[in-house]
file my_file27.cif (mmCIF, C-alpha atoms)
data_entry
loop_
_atom_site.group_PDB
_atom_site.id
_atom_site.type_symbol
_atom_site.label_atom_id
_atom_site.label_comp_id
_atom_site.auth_asym_id
_atom_site.auth_seq_id
_atom_site.Cartn_x
_atom_site.Cartn_y
_atom_site.Cartn_z
ATOM 1 C CA MET A 325 -33.336 45.958 95.836
ATOM 2 C CA PRO A 326 -36.284 43.709 94.952
ATOM 3 C CA ALA A 327 -36.191 45.148 91.430
ATOM 4 C CA LYS A 328 -32.526 44.215 91.079
ATOM 5 C CA ARG A 329 -33.228 40.630 92.199
ATOM 6 C CA PHE A 330 -36.096 40.379 89.739
ATOM 7 C CA PHE A 331 -33.815 41.555 86.930
ATOM 8 C CA VAL A 332 -31.126 38.983 87.779
ATOM 9 C CA ALA A 333 -33.722 36.201 87.940
ATOM 10 C CA ALA A 334 -35.111 37.188 84.556
ATOM 11 C CA ILE A 335 -31.651 37.004 82.991
ATOM 12 C CA ALA A 336 -31.079 33.544 84.501
ATOM 13 C CA VAL A 337 -34.368 32.254 83.097
ATOM 14 C CA ALA A 338 -33.494 33.606 79.648
ATOM 15 C CA VAL A 339 -30.079 31.894 79.671
ATOM 16 C CA VAL A 340 -31.628 28.549 80.608
ATOM 17 C CA ALA A 341 -34.252 28.925 77.900
ATOM 18 C CA LEU A 342 -31.658 29.693 75.238
ATOM 19 C CA SER A 343 -29.450 26.764 76.237
ATOM 20 C CA GLY A 344 -32.337 24.381 75.658
ATOM 21 C CA ALA A 345 -33.420 25.824 72.328
ATOM 22 C CA PRO A 346 -32.903 23.624 69.234
ATOM 23 C CA GLY A 347 -29.682 24.326 67.377
ATOM 24 C CA CYS A 348 -28.087 26.275 70.214
ATOM 25 C CA GLY A 349 -26.102 23.531 71.924
ATOM 26 C CA ASP A 350 -23.334 21.128 71.024
ATOM 27 C CA ASP A 351 -25.488 18.083 71.821
ATOM 28 C CA THR A 352 -28.005 18.784 69.080
ATOM 29 C CA ASP A 353 -28.542 15.685 66.804
ATOM 30 C CA THR A 354 -28.073 16.908 63.221
ATOM 31 C CA SER A 355 -27.925 13.474 61.520
ATOM 32 C CA VAL A 356 -30.399 12.719 58.725
ATOM 33 C CA GLU A 357 -31.767 9.209 58.469
ATOM 34 C CA GLU A 358 -30.879 7.691 55.085
ATOM 35 C CA PRO A 359 -33.845 6.253 53.182
ATOM 36 C CA THR A 360 -33.822 2.505 52.634
ATOM 37 C CA ILE A 361 -33.126 1.782 48.956
ATOM 38 C CA ARG A 362 -34.331 -1.530 47.601
ATOM 39 C CA PRO A 363 -33.130 -2.176 44.023
ATOM 40 C CA ASN A 364 -35.937 -3.122 41.697
ATOM 41 C CA LEU A 365 -34.098 -5.719 39.600
ATOM 42 C CA PRO A 366 -35.875 -7.914 37.057
ATOM 43 C CA ALA A 367 -36.278 -11.554 37.924
ATOM 44 C CA VAL A 368 -33.637 -13.931 36.590
ATOM 45 C CA PRO A 369 -35.128 -15.539 33.474
ATOM 46 C CA ASN A 370 -35.734 -19.245 33.693
ATOM 47 C CA VAL A 371 -34.257 -20.570 30.440
ATOM 48 C CA PRO A 372 -35.561 -24.064 29.742
ATOM 49 C CA PRO A 373 -33.014 -26.666 28.652
ATOM 50 C CA SER A 374 -32.835 -27.591 24.988
ATOM 51 C CA PRO A 375 -35.056 -30.533 24.045
ATOM 52 C CA TYR A 376 -32.246 -31.801 21.806
ATOM 53 C CA PRO A 377 -29.007 -33.516 22.806
ATOM 54 C CA ILE A 378 -25.553 -32.460 21.649
ATOM 55 C CA THR A 379 -25.188 -35.636 19.593
ATOM 56 C CA TYR A 380 -27.302 -38.661 18.754
ATOM 57 C CA PRO A 381 -26.259 -42.236 19.646
ATOM 58 C CA ASP A 382 -24.762 -42.676 16.155
ATOM 59 C CA GLY A 383 -22.363 -39.796 16.820
ATOM 60 C CA THR A 384 -24.021 -37.276 14.503
ATOM 61 C CA TYR A 385 -24.603 -33.764 15.787
ATOM 62 C CA THR A 386 -27.876 -31.976 16.221
ATOM 63 C CA VAL A 387 -28.047 -28.430 14.870
ATOM 64 C CA TYR A 388 -28.202 -27.304 18.496
ATOM 65 C CA GLY A 389 -25.176 -29.399 19.439
ATOM 66 C CA LEU A 390 -23.152 -28.249 16.447
ATOM 67 C CA ARG A 391 -23.361 -24.650 17.638
ATOM 68 C CA LYS A 392 -23.182 -25.500 21.331
ATOM 69 C CA ARG A 393 -19.745 -27.044 20.723
ATOM 70 C CA LEU A 394 -18.644 -24.258 18.404
ATOM 71 C CA GLU A 395 -15.069 -24.245 19.693
ATOM 72 C CA HIS A 396 -14.713 -27.909 18.664
ATOM 73 C CA THR A 397 -16.860 -28.055 15.518
ATOM 74 C CA MET A 398 -15.983 -24.855 13.657
ATOM 75 C CA ASP A 399 -13.783 -25.418 10.581
ATOM 76 C CA THR A 400 -14.094 -29.195 10.824
ATOM 77 C CA ASP A 401 -15.870 -31.900 8.820
ATOM 78 C CA VAL A 402 -19.064 -32.891 10.619
ATOM 79 C CA ARG A 403 -22.144 -35.092 10.264
ATOM 80 C CA VAL A 404 -25.493 -33.608 11.245
ATOM 81 C CA THR A 405 -28.852 -35.331 11.607
ATOM 82 C CA ALA A 406 -31.557 -32.806 10.753
ATOM 83 C CA THR A 407 -34.713 -32.073 8.779
ATOM 84 C CA ILE A 408 -34.933 -29.855 5.703
ATOM 85 C CA VAL A 409 -37.044 -26.963 6.973
ATOM 86 C CA ASP A 410 -37.082 -24.825 3.830
ATOM 87 C CA VAL A 411 -35.465 -24.648 0.388
ATOM 88 C CA TYR A 412 -34.485 -21.515 -1.509
ATOM 89 C CA VAL A 413 -36.495 -21.110 -4.705
ATOM 90 C CA PRO A 414 -35.166 -18.596 -7.255
ATOM 91 C CA PRO A 415 -37.730 -15.904 -8.100
ATOM 92 C CA GLU A 416 -39.211 -16.090 -11.564
ATOM 93 C CA CYS A 417 -38.133 -13.448 -14.032
ATOM 94 C CA PRO A 418 -40.921 -12.207 -16.336
ATOM 95 C CA GLU A 419 -40.197 -12.628 -20.022
ATOM 96 C CA GLY A 420 -38.603 -9.593 -21.577
ATOM 97 C CA ARG A 421 -37.302 -8.189 -18.293
ATOM 98 C CA THR A 422 -33.764 -8.112 -16.959
ATOM 99 C CA CYS A 423 -33.628 -9.490 -13.434
ATOM 100 C CA PRO A 424 -30.729 -9.761 -10.992
ATOM 101 C CA PRO A 425 -29.067 -13.177 -10.948
ATOM 102 C CA ALA A 426 -30.550 -15.684 -8.543
ATOM 103 C CA LYS A 427 -28.630 -16.808 -5.499
ATOM 104 C CA MET A 428 -26.831 -20.135 -5.505
ATOM 105 C CA PRO A 429 -28.976 -23.061 -4.361
ATOM 106 C CA HIS A 430 -29.170 -23.420 -0.592
ATOM 107 C CA LEU A 431 -31.545 -24.729 2.043
ATOM 108 C CA TRP A 432 -32.093 -24.655 5.789
ATOM 109 C CA LEU A 433 -31.819 -27.538 8.236
ATOM 110 C CA GLY A 434 -33.439 -27.752 11.656
ATOM 111 C CA ASP A 435 -33.706 -30.167 14.544
ATOM 112 C CA SER A 436 -37.473 -30.206 13.965
ATOM 113 C CA ALA A 437 -39.454 -29.943 10.743
ATOM 114 C CA ASP A 438 -41.330 -26.853 11.939
ATOM 115 C CA GLU A 439 -38.362 -24.836 13.220
ATOM 116 C CA GLN A 440 -39.164 -21.160 12.576
ATOM 117 C CA ASP A 441 -36.347 -19.494 14.522
ATOM 118 C CA ALA A 442 -33.673 -18.447 12.023
ATOM 119 C CA ASN A 443 -31.040 -18.625 14.775
ATOM 120 C CA ARG A 444 -31.783 -22.334 15.242
ATOM 121 C CA ARG A 445 -31.532 -23.209 11.572
ATOM 122 C CA LEU A 446 -28.412 -24.323 9.727
ATOM 123 C CA THR A 447 -27.805 -23.217 6.137
ATOM 124 C CA LEU A 448 -26.635 -25.959 3.760
ATOM 125 C CA VAL A 449 -24.815 -24.734 0.654
ATOM 126 C CA GLY A 450 -22.454 -25.994 -2.025
ATOM 127 C CA TYR A 451 -24.489 -28.867 -3.480
ATOM 128 C CA ALA A 452 -25.023 -27.122 -6.848
ATOM 129 C CA ALA A 453 -23.661 -24.070 -8.611
ATOM 130 C CA ASN A 454 -27.054 -22.937 -9.884
ATOM 131 C CA GLN A 455 -30.675 -24.038 -10.148
ATOM 132 C CA LYS A 456 -30.205 -25.179 -13.761
ATOM 133 C CA GLU A 457 -27.837 -27.926 -12.600
ATOM 134 C CA ILE A 458 -30.552 -29.276 -10.294
ATOM 135 C CA ASP A 459 -33.273 -28.981 -12.943
ATOM 136 C CA ASP A 460 -31.112 -30.770 -15.537
ATOM 137 C CA ALA A 461 -30.246 -33.545 -13.071
ATOM 138 C CA ARG A 462 -33.934 -34.067 -12.283
ATOM 139 C CA GLU A 463 -34.836 -34.167 -15.949
ATOM 140 C CA ASP A 464 -32.118 -36.737 -16.608
ATOM 141 C CA ALA A 465 -33.387 -38.879 -13.732
ATOM 142 C CA ALA A 466 -36.983 -38.635 -14.970
ATOM 143 C CA HIS A 467 -35.932 -39.954 -18.389
ATOM 144 C CA GLY A 468 -33.595 -42.613 -17.044
ATOM 145 C CA ARG A 469 -30.493 -40.878 -18.277
ATOM 146 C CA THR A 470 -27.217 -40.877 -16.386
ATOM 147 C CA PRO A 471 -26.601 -37.292 -15.353
ATOM 148 C CA GLU A 472 -23.365 -35.658 -16.355
ATOM 149 C CA PRO A 473 -20.987 -35.281 -13.407
ATOM 150 C CA PRO A 474 -20.342 -31.743 -12.173
ATOM 151 C CA GLU A 475 -17.319 -29.959 -13.541
ATOM 152 C CA GLY A 476 -14.382 -30.576 -11.243
ATOM 153 C CA GLU A 477 -12.592 -33.716 -10.129
ATOM 154 C CA GLY A 478 -14.110 -35.622 -7.230
ATOM 155 C CA LEU A 479 -17.294 -33.562 -6.952
ATOM 156 C CA PRO A 480 -20.392 -35.435 -5.746
ATOM 157 C CA PRO A 481 -23.346 -35.775 -8.124
ATOM 158 C CA ILE A 482 -25.977 -33.055 -8.053
ATOM 159 C CA PRO A 483 -28.605 -34.125 -5.489
ATOM 160 C CA ILE A 484 -32.224 -34.137 -6.639
ATOM 161 C CA ASP A 485 -33.906 -35.303 -3.437
ATOM 162 C CA LEU A 486 -33.263 -32.365 -1.117
ATOM 163 C CA ASP A 487 -36.913 -31.522 -0.601
ATOM 164 C CA ARG A 488 -38.626 -29.757 2.258
ATOM 165 C CA GLY A 489 -39.595 -32.113 5.082
ATOM 166 C CA ARG A 490 -36.978 -34.780 4.304
ATOM 167 C CA ARG A 491 -34.817 -35.877 7.219
ATOM 168 C CA GLY A 492 -31.412 -37.481 7.133
ATOM 169 C CA ILE A 493 -27.697 -37.216 7.791
ATOM 170 C CA PHE A 494 -25.855 -34.354 6.116
ATOM 171 C CA GLU A 495 -22.080 -34.281 5.850
ATOM 172 C CA GLY A 496 -19.959 -31.246 5.176
ATOM 173 C CA ARG A 497 -17.526 -28.643 6.388
ATOM 174 C CA PHE A 498 -18.848 -26.492 9.222
ATOM 175 C CA ALA A 499 -17.491 -22.986 8.639
ATOM 176 C CA ARG A 500 -18.458 -19.330 8.634
ATOM 177 C CA ILE A 501 -17.733 -18.961 4.925
ATOM 178 C CA SER A 502 -18.197 -21.577 2.217
ATOM 179 C CA GLY A 503 -15.963 -22.313 -0.730
ATOM 180 C CA ALA A 504 -18.434 -20.448 -2.961
ATOM 181 C CA GLY A 505 -18.511 -17.352 -0.761
ATOM 182 C CA PHE A 506 -21.631 -17.869 1.368
ATOM 183 C CA LEU A 507 -21.182 -16.181 4.737
ATOM 184 C CA GLU A 508 -22.902 -17.011 8.043
ATOM 185 C CA SER A 509 -21.517 -15.624 11.308
ATOM 186 C CA GLU A 510 -23.043 -18.526 13.264
ATOM 187 C CA GLY A 511 -21.679 -21.102 10.827
ATOM 188 C CA LEU A 512 -23.016 -22.968 7.790
ATOM 189 C CA LEU A 513 -22.563 -26.441 6.314
ATOM 190 C CA ASP A 514 -20.612 -26.706 3.053
ATOM 191 C CA TYR A 515 -22.059 -29.831 1.409
ATOM 192 C CA ARG A 516 -20.089 -33.047 0.935
ATOM 193 C CA ASN A 517 -22.668 -35.815 1.049
ATOM 194 C CA HIS A 518 -26.018 -36.834 2.487
ATOM 195 C CA ARG A 519 -28.242 -39.814 3.172
ATOM 196 C CA LEU A 520 -31.945 -39.330 3.712
ATOM 197 C CA GLU A 521 -34.000 -41.602 5.936
ATOM 198 C CA GLY A 522 -35.433 -44.493 3.975
ATOM 199 C CA THR A 523 -32.757 -44.398 1.260
ATOM 200 C CA PRO A 524 -29.656 -46.586 0.745
ATOM 201 C CA GLU A 525 -26.473 -45.306 2.309
ATOM 202 C CA ALA A 526 -24.673 -42.926 -0.003
ATOM 203 C CA GLU A 527 -21.178 -43.600 -1.201
ATOM 204 C CA PRO A 528 -18.528 -41.347 0.375
ATOM 205 C CA THR A 529 -17.254 -38.620 -1.904
ATOM 206 C CA LYS A 530 -14.266 -36.343 -2.001
ATOM 207 C CA ASN A 531 -14.534 -32.778 -0.798
ATOM 208 C CA ARG A 532 -15.836 -30.132 -3.124
#

call {"tool": "encode", "arguments": {"input": "my_file27.cif", "output": "structure tokens"}}
result
Amino acid sequence: MPAKRFFVAAIAVAVVALSGAPGCGDDTDTSVEEPTIRPNLPAVPNVPPSPYPITYPDGTYTVYGLRKRLEHTMDTDVRVTATIVDVYVPPECPEGRTCPPAKMPHLWLGDSADEQDANRRLTLVGYAANQKEIDDAREDAAHGRTPEPPEGEGLPPIPIDLDRGRRGIFEGRFARISGAGFLESEGLLDYRNHRLEGTPEAEPTKNR
């Protein structure tokens, strides 16, 4: 009889032990704690404001302002106050060699004389068909001769004072493609007229 009681007690102890074992009951917590994810995003860049206004008190645009108001200025006649940052110079062709034709004369305007960022420059085109026209006009001026007007009714005279570092007001058509085929996705200025600082005001001319 004692042996039978011992056997029953042993079975009871085993049942209790199994009911408390991990994974053997319905109350076992099987949830897994999700790790905390913190996105490692870059800091928002602090873009400084432009040091140039949209327009000057006289109503002329800055190069910055001309592009800032693209929806209003594109394909319109505009006046821009800027500095000639650089001027295209045709490469020399050695005597006896055949070289590709030079590009049409053009230059770059900027809000400052030392602007190096090509995206902040404005290309000015359409003031001469080729470098020879400019060279001939300068030679005529040096000898006191009246330069011959460009071919085409109402065209402005060939300018001879568009030198690097000069600042003034430049008038023209702001467009992505010029009448001569120059193309700039951010817009260029197709020349109509100009007046440099320290020079008499130029007479208005008809469009090229």

call {"tool": "resolve_selection", "arguments": {"input": "my_file27.cif", "expression": "the PyMOL selection byres ((chain A and resi 390) around 12)", "output": "PyMOL selection string"}}
result
chain A and resi 376-380+383-389+391-406+433-435+444-446+497-499+510-513

call {"tool": "resolve_selection", "arguments": {"input": "my_file27.cif", "expression": "the PyMOL selection byres ((chain A and resi 409) around 8)", "output": "ChimeraX atom specification"}}
result
/A:407-408,410-411,431-434,436-439,488-489

call {"tool": "closest_residue", "arguments": {"input": "my_file27.cif", "among": "A:Phe494, A:Tyr515, A:Phe506, A:Tyr412", "to": "Pro481 in chain A", "atoms": "all atoms listed in the file"}}
result
A:Tyr515

call {"tool": "atom_distance", "arguments": {"input": "my_file27.cif", "atom1": "CA of Glu495 in chain A", "atom2": "CA of Pro381 in chain A"}}
result
16.5 Å

call {"tool": "axis_aligned_box", "arguments": {"input": "my_file27.cif", "around": "range 390-409 of chain A", "padding_each_side": "5 Å", "output": "JSON"}}
result
{"center_x": -25.4, "center_y": -29.8, "center_z": 13.5, "size_x": 33.3, "size_y": 21.1, "size_z": 25.6}

call {"tool": "atom_distance", "arguments": {"input": "my_file27.cif", "atom1": "CA of Val413 in chain A", "atom2": "CA of Asp459 in chain A"}}
result
11.8 Å

call {"tool": "resolve_selection", "arguments": {"input": "my_file27.cif", "expression": "the PyMOL selection byres ((chain A and resi 483) around 12)", "output": "PyMOL selection string"}}
result
chain A and resi 429-430+449-453+455+457-462+464-465+471+473-474+479-482+484-487+494+515-520+526

call {"tool": "write_last_selection", "arguments": {"input": "my_file27.cif", "atoms": "C-alpha atoms", "output": "short mmCIF file (atom, residue, chain, number, x, y, z; two decimals), in the coordinates of the input"}}
result
data_model
loop_
_atom_site.label_atom_id
_atom_site.label_comp_id
_atom_site.auth_asym_id
_atom_site.auth_seq_id
_atom_site.Cartn_x
_atom_site.Cartn_y
_atom_site.Cartn_z
CA PRO A 429 -28.98 -23.06 -4.36
CA HIS A 430 -29.17 -23.42 -0.59
CA VAL A 449 -24.82 -24.73 0.65
CA GLY A 450 -22.45 -25.99 -2.02
CA TYR A 451 -24.49 -28.87 -3.48
CA ALA A 452 -25.02 -27.12 -6.85
CA ALA A 453 -23.66 -24.07 -8.61
CA GLN A 455 -30.68 -24.04 -10.15
CA GLU A 457 -27.84 -27.93 -12.60
CA ILE A 458 -30.55 -29.28 -10.29
CA ASP A 459 -33.27 -28.98 -12.94
CA ASP A 460 -31.11 -30.77 -15.54
CA ALA A 461 -30.25 -33.54 -13.07
CA ARG A 462 -33.93 -34.07 -12.28
CA ASP A 464 -32.12 -36.74 -16.61
CA ALA A 465 -33.39 -38.88 -13.73
CA PRO A 471 -26.60 -37.29 -15.35
CA PRO A 473 -20.99 -35.28 -13.41
CA PRO A 474 -20.34 -31.74 -12.17
CA LEU A 479 -17.29 -33.56 -6.95
CA PRO A 480 -20.39 -35.44 -5.75
CA PRO A 481 -23.35 -35.78 -8.12
CA ILE A 482 -25.98 -33.06 -8.05
CA ILE A 484 -32.22 -34.14 -6.64
CA ASP A 485 -33.91 -35.30 -3.44
CA LEU A 486 -33.26 -32.36 -1.12
CA ASP A 487 -36.91 -31.52 -0.60
CA PHE A 494 -25.86 -34.35 6.12
CA TYR A 515 -22.06 -29.83 1.41
CA ARG A 516 -20.09 -33.05 0.94
CA ASN A 517 -22.67 -35.82 1.05
CA HIS A 518 -26.02 -36.83 2.49
CA ARG A 519 -28.24 -39.81 3.17
CA LEU A 520 -31.94 -39.33 3.71
CA ALA A 526 -24.67 -42.93 0.00
#

call {"tool": "atom_distance", "arguments": {"input": "my_file27.cif", "atom1": "CA of Pro373 in chain A", "atom2": "CA of Ser509 in chain A"}}
result
23.6 Å

call {"tool": "closest_residue", "arguments": {"input": "my_file27.cif", "among": "A:Glu472, A:Lys427, A:Thr422, A:Ser374", "to": "Gly505 in chain A", "atoms": "all atoms listed in the file"}}
result
A:Lys427

call {"tool": "closest_residue", "arguments": {"input": "my_file27.cif", "among": "A:Gly468, A:Gly522, A:Glu475, A:Gln440", "to": "Arg490 in chain A", "atoms": "only C-alpha atoms"}}
result
A:Gly522

call {"tool": "decode", "arguments": {"input": "my_file27.cif", "residues": "range 479-531 of chain A", "atoms": "C-alpha atoms", "output": "PDB file, in the first residue's frame"}}
result
ATOM      1  CA  LEU A 479      20.418  96.136 -86.528  1.00  0.00           C
ATOM      2  CA  PRO A 480      22.437  97.896 -83.810  1.00  0.00           C
ATOM      3  CA  PRO A 481      26.063  98.798 -84.543  1.00  0.00           C
ATOM      4  CA  ILE A 482      28.714  96.233 -83.695  1.00  0.00           C
ATOM      5  CA  PRO A 483      29.823  96.935 -80.103  1.00  0.00           C
ATOM      6  CA  ILE A 484      33.553  97.321 -79.501  1.00  0.00           C
ATOM      7  CA  ASP A 485      33.531  97.958 -75.754  1.00  0.00           C
ATOM      8  CA  LEU A 486      32.310  94.620 -74.414  1.00  0.00           C
ATOM      9  CA  ASP A 487      35.452  93.863 -72.449  1.00  0.00           C
ATOM     10  CA  ARG A 488      35.962  91.685 -69.412  1.00  0.00           C
ATOM     11  CA  GLY A 489      35.321  93.528 -66.147  1.00  0.00           C
ATOM     12  CA  ARG A 490      32.994  96.171 -67.621  1.00  0.00           C
ATOM     13  CA  ARG A 491      29.670  96.618 -65.855  1.00  0.00           C
ATOM     14  CA  GLY A 492      26.470  98.055 -67.220  1.00  0.00           C
ATOM     15  CA  ILE A 493      22.897  97.505 -68.337  1.00  0.00           C
ATOM     16  CA  PHE A 494      22.323  94.916 -71.049  1.00  0.00           C
ATOM     17  CA  GLU A 495      19.074  94.722 -72.981  1.00  0.00           C
ATOM     18  CA  GLY A 496      17.839  91.769 -74.960  1.00  0.00           C
ATOM     19  CA  ARG A 497      15.458  88.880 -75.349  1.00  0.00           C
ATOM     20  CA  PHE A 498      15.676  86.310 -72.565  1.00  0.00           C
ATOM     21  CA  ALA A 499      15.142  82.912 -74.189  1.00  0.00           C
ATOM     22  CA  ARG A 500      16.452  79.366 -74.286  1.00  0.00           C
ATOM     23  CA  ILE A 501      17.452  79.647 -77.938  1.00  0.00           C
ATOM     24  CA  SER A 502      18.719  82.733 -79.747  1.00  0.00           C
ATOM     25  CA  GLY A 503      17.907  83.892 -83.241  1.00  0.00           C
ATOM     26  CA  ALA A 504      21.306  82.579 -84.376  1.00  0.00           C
ATOM     27  CA  GLY A 505      20.800  79.140 -82.843  1.00  0.00           C
ATOM     28  CA  PHE A 506      22.605  79.402 -79.495  1.00  0.00           C
ATOM     29  CA  LEU A 507      20.954  77.108 -76.963  1.00  0.00           C
ATOM     30  CA  GLU A 508      20.960  77.397 -73.156  1.00  0.00           C
ATOM     31  CA  SER A 509      18.481  75.377 -71.090  1.00  0.00           C
ATOM     32  CA  GLU A 510      18.646  77.940 -68.265  1.00  0.00           C
ATOM     33  CA  GLY A 511      18.168  80.853 -70.656  1.00  0.00           C
ATOM     34  CA  LEU A 512      20.447  83.300 -72.473  1.00  0.00           C
ATOM     35  CA  LEU A 513      20.259  86.959 -73.481  1.00  0.00           C
ATOM     36  CA  ASP A 514      19.892  87.727 -77.194  1.00  0.00           C
ATOM     37  CA  TYR A 515      21.515  91.162 -77.551  1.00  0.00           C
ATOM     38  CA  ARG A 516      19.569  94.317 -78.388  1.00  0.00           C
ATOM     39  CA  ASN A 517      21.488  97.132 -76.738  1.00  0.00           C
ATOM     40  CA  HIS A 518      23.736  98.023 -73.826  1.00  0.00           C
ATOM     41  CA  ARG A 519      25.064 100.925 -71.800  1.00  0.00           C
ATOM     42  CA  LEU A 520      28.199 100.519 -69.738  1.00  0.00           C
ATOM     43  CA  GLU A 521      28.798 102.438 -66.530  1.00  0.00           C
ATOM     44  CA  GLY A 522      30.574 105.700 -67.207  1.00  0.00           C
ATOM     45  CA  THR A 523      29.368 105.981 -70.814  1.00  0.00           C
ATOM     46  CA  PRO A 524      26.554 108.084 -72.340  1.00  0.00           C
ATOM     47  CA  GLU A 525      23.189 106.397 -72.564  1.00  0.00           C
ATOM     48  CA  ALA A 526      22.869 104.399 -75.751  1.00  0.00           C
ATOM     49  CA  GLU A 527      20.182 105.122 -78.274  1.00  0.00           C
ATOM     50  CA  PRO A 528      17.407 102.501 -78.388  1.00  0.00           C
ATOM     51  CA  THR A 529      17.585 100.181 -81.361  1.00  0.00           C
ATOM     52  CA  LYS A 530      15.234  97.827 -83.109  1.00  0.00           C
ATOM     53  CA  ASN A 531      15.388  94.117 -82.439  1.00  0.00           C
TER      54      ASN A 531
END
